[in-house]
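Report on one structure; see the data block that follows.
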Amino acid sequence: QVSLVVSGGGLVQAGGSLRLSCATSGSISSLNHMGWYRQAPGENRELVARIWSEGSTMYADSVKGRFTISRDSATNMVYLQMDSLKPEDTARYYCNAEDFFGGGYWSQGTQVTVSA
């Protein structure tokens, strides 16, 4: 069982930056991949970024070049650096992890609001 705790959301003006943090209860080396999802009101939850155990990453087209996912194996943390934020990035953001047995884990959400 893995627990995930996120922090770092808030209110920012368009063009600004925020960094989300996700703390895991265990070693992130034991996880197949970790990622960030977001869900805006009335919308489906969507994958924003993912990082695999070997270090490869992927991003949604809407955030490429603006968001960066990273991890720190020493502290079992995963981060989402969000730059050049736009009002359409406003959503509740969630940290997600999947282990090598297909087990999935979710954090509580953190609100990110970008004002125009």
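Quick note on naming: the chains in the structure tokens go A, B, ... in the order shown, residues restart at 1 in each chain, and ligands are numbered from 1 in order of appearance.
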Problem set entry | 9 Å contact set for A:Ala40, only C-alpha atoms, chain neighbours under 3 positions out, as a list of chain:residue names |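 My reading of the contact set: A:Glu43, A:Asn44, A:Arg45, A:Glu88, A:Asp89, A:Thr90, A:Ala91, A:Arg92, A:Tyr93.
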For this session: Check chain A with DSSP on the backbone and list each residue it calls strand (DSSP E or B), as a PyMOL selection string.
Result: chain A and resi 4-7+10-13+18-24+31-39+46-52+57-59+67-72+77-82+91-99+104-106+110-115
For this session: Between A:Ser30, A:Ser17, A:Met82, A:Gly10, single out the one closest to A:Ser62, counting only C-alpha atoms.
Result: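 Residue with the minimum atom-to-atom distance to A:Ser62: A:Met82.
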Problem set entry | Which residue of A:Cys95, A:Ser27, A:Leu18, A:Val48 approaches A:Ser107 most closely, using only C-alpha atoms |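 Nearest to A:Ser107: A:Cys95.
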For this session: Would you please work out which residue, of A:Tyr94, A:Phe67, A:Tyr59, A:Tyr105, is nearest to A:Ser21 when using only C-alpha atoms?
Result: A:Tyr94
Problem set entry | A:Asp83 environment, 10 Å, only C-alpha atoms, sequence neighbours closer than 2 positions dropped, as a list in words |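 So the residues in contact are Ala14, Gly15, Gly16, Ser17, Leu18, Arg19, Val63, Gly65, Arg66, Phe67, Thr68, Leu80, Gln81, Leu85 and Lys86 of chain A.
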Tell me which protein, DNA and RNA residues are within 12 Å of A:Thr75, counting only C-alpha atoms, leaving out same-chain ones fewer than 4 positions away, and put them as a PDB file with N, CA, C and O atoms, in the first residue's frame.
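The result, written out as part_4.pdb:
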```pdb
ATOM      1  N   SER A  21       4.254  19.287  -5.120  1.00  0.00           N
ATOM      2  CA  SER A  21       5.085  18.229  -4.544  1.00  0.00           C
ATOM      3  C   SER A  21       4.209  17.052  -4.156  1.00  0.00           C
ATOM      4  O   SER A  21       3.074  17.239  -3.695  1.00  0.00           O
ATOM      5  N   CYS A  22       4.742  15.864  -4.323  1.00  0.00           N
ATOM      6  CA  CYS A  22       4.027  14.641  -3.953  1.00  0.00           C
ATOM      7  C   CYS A  22       4.972  13.781  -3.125  1.00  0.00           C
ATOM      8  O   CYS A  22       6.013  13.335  -3.631  1.00  0.00           O
ATOM      9  N   ALA A  23       4.613  13.573  -1.883  1.00  0.00           N
ATOM     10  CA  ALA A  23       5.411  12.742  -0.983  1.00  0.00           C
ATOM     11  C   ALA A  23       4.831  11.338  -0.949  1.00  0.00           C
ATOM     12  O   ALA A  23       3.618  11.162  -0.759  1.00  0.00           O
ATOM     13  N   THR A  24       5.678  10.350  -1.118  1.00  0.00           N
ATOM     14  CA  THR A  24       5.222   8.962  -1.105  1.00  0.00           C
ATOM     15  C   THR A  24       5.634   8.298   0.208  1.00  0.00           C
ATOM     16  O   THR A  24       6.646   8.664   0.813  1.00  0.00           O
ATOM     17  N   SER A  25       4.844   7.317   0.613  1.00  0.00           N
ATOM     18  CA  SER A  25       5.105   6.648   1.881  1.00  0.00           C
ATOM     19  C   SER A  25       6.209   5.613   1.770  1.00  0.00           C
ATOM     20  O   SER A  25       6.771   5.201   2.773  1.00  0.00           O
ATOM     21  N   GLY A  26       6.509   5.187   0.548  1.00  0.00           N
ATOM     22  CA  GLY A  26       7.535   4.186   0.362  1.00  0.00           C
ATOM     23  C   GLY A  26       8.553   4.629  -0.659  1.00  0.00           C
ATOM     24  O   GLY A  26       8.595   5.798  -1.031  1.00  0.00           O
ATOM     25  N   SER A  27       9.349   3.685  -1.109  1.00  0.00           N
ATOM     26  CA  SER A  27      10.374   4.000  -2.086  1.00  0.00           C
ATOM     27  C   SER A  27       9.757   4.142  -3.474  1.00  0.00           C
ATOM     28  O   SER A  27       9.048   3.254  -3.948  1.00  0.00           O
ATOM     29  N   ILE A  28      10.052   5.258  -4.128  1.00  0.00           N
ATOM     30  CA  ILE A  28       9.516   5.443  -5.481  1.00  0.00           C
ATOM     31  C   ILE A  28      10.198   4.503  -6.463  1.00  0.00           C
ATOM     32  O   ILE A  28       9.705   4.278  -7.558  1.00  0.00           O
ATOM     33  N   SER A  29      11.313   3.918  -6.065  1.00  0.00           N
ATOM     34  CA  SER A  29      11.986   2.950  -6.932  1.00  0.00           C
ATOM     35  C   SER A  29      11.157   1.675  -7.091  1.00  0.00           C
ATOM     36  O   SER A  29      11.369   0.919  -8.030  1.00  0.00           O
ATOM     37  N   ARG A  71      11.680  13.784 -10.135  1.00  0.00           N
ATOM     38  CA  ARG A  71      11.580  12.992  -8.917  1.00  0.00           C
ATOM     39  C   ARG A  71      12.913  13.032  -8.168  1.00  0.00           C
ATOM     40  O   ARG A  71      13.965  13.303  -8.748  1.00  0.00           O
ATOM     41  N   TYR A  79       7.780  15.850  -8.252  1.00  0.00           N
ATOM     42  CA  TYR A  79       7.425  17.256  -8.387  1.00  0.00           C
ATOM     43  C   TYR A  79       6.807  17.535  -9.764  1.00  0.00           C
ATOM     44  O   TYR A  79       7.086  16.848 -10.738  1.00  0.00           O
TER      45      TYR A  79
END
```
Residues within 9 Å of A:Gly35, only C-alpha atoms, excluding chain neighbours under 5 positions, as a PDB file with N, CA and C atoms, in the first residue's frame:
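The resulting file, out.pdb, is shown below:
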```
ATOM      1  N   LEU A  47      -4.553  13.096 -17.762  1.00  0.00           N
ATOM      2  CA  LEU A  47      -3.139  12.925 -17.441  1.00  0.00           C
ATOM      3  C   LEU A  47      -2.373  14.162 -17.907  1.00  0.00           C
ATOM      4  N   VAL A  48      -1.575  14.697 -17.024  1.00  0.00           N
ATOM      5  CA  VAL A  48      -0.773  15.887 -17.335  1.00  0.00           C
ATOM      6  C   VAL A  48       0.667  15.487 -17.646  1.00  0.00           C
ATOM      7  N   ALA A  49       1.244  14.668 -16.793  1.00  0.00           N
ATOM      8  CA  ALA A  49       2.636  14.264 -16.965  1.00  0.00           C
ATOM      9  C   ALA A  49       2.874  12.958 -16.223  1.00  0.00           C
ATOM     10  N   ARG A  50       3.847  12.209 -16.708  1.00  0.00           N
ATOM     11  CA  ARG A  50       4.173  10.921 -16.092  1.00  0.00           C
ATOM     12  C   ARG A  50       5.678  10.704 -16.159  1.00  0.00           C
ATOM     13  N   ILE A  51       6.202  10.041 -15.138  1.00  0.00           N
ATOM     14  CA  ILE A  51       7.609   9.669 -15.135  1.00  0.00           C
ATOM     15  C   ILE A  51       7.712   8.194 -14.767  1.00  0.00           C
ATOM     16  N   TRP A  52       8.454   7.471 -15.572  1.00  0.00           N
ATOM     17  CA  TRP A  52       8.602   6.036 -15.355  1.00  0.00           C
ATOM     18  C   TRP A  52       9.822   5.743 -14.471  1.00  0.00           C
ATOM     19  N   ILE A  69       8.057  17.405 -14.996  1.00  0.00           N
ATOM     20  CA  ILE A  69       7.924  16.426 -13.915  1.00  0.00           C
ATOM     21  C   ILE A  69       9.318  15.928 -13.557  1.00  0.00           C
ATOM     22  N   VAL A  78       8.064  13.412  -5.749  1.00  0.00           N
ATOM     23  CA  VAL A  78       7.854  13.706  -7.162  1.00  0.00           C
ATOM     24  C   VAL A  78       7.320  15.124  -7.254  1.00  0.00           C
ATOM     25  N   LEU A  80       6.016  18.580  -9.793  1.00  0.00           N
ATOM     26  CA  LEU A  80       5.531  19.112 -11.062  1.00  0.00           C
ATOM     27  C   LEU A  80       5.795  20.608 -11.043  1.00  0.00           C
ATOM     28  N   TYR A  94      -3.886  16.033  -9.000  1.00  0.00           N
ATOM     29  CA  TYR A  94      -3.723  14.811  -8.209  1.00  0.00           C
ATOM     30  C   TYR A  94      -2.417  14.124  -8.571  1.00  0.00           C
ATOM     31  N   CYS A  95      -1.789  13.560  -7.576  1.00  0.00           N
ATOM     32  CA  CYS A  95      -0.616  12.712  -7.791  1.00  0.00           C
ATOM     33  C   CYS A  95      -1.089  11.266  -7.896  1.00  0.00           C
ATOM     34  N   ASN A  96      -0.483  10.539  -8.795  1.00  0.00           N
ATOM     35  CA  ASN A  96      -0.866   9.149  -9.042  1.00  0.00           C
ATOM     36  C   ASN A  96       0.376   8.275  -9.092  1.00  0.00           C
ATOM     37  N   ALA A  97       0.233   7.051  -8.658  1.00  0.00           N
ATOM     38  CA  ALA A  97       1.334   6.090  -8.755  1.00  0.00           C
ATOM     39  C   ALA A  97       0.782   4.723  -9.128  1.00  0.00           C
ATOM     40  N   GLU A  98       1.570   3.972  -9.845  1.00  0.00           N
ATOM     41  CA  GLU A  98       1.205   2.594 -10.166  1.00  0.00           C
ATOM     42  C   GLU A  98       2.405   1.703  -9.883  1.00  0.00           C
TER      43      GLU A  98
END
```
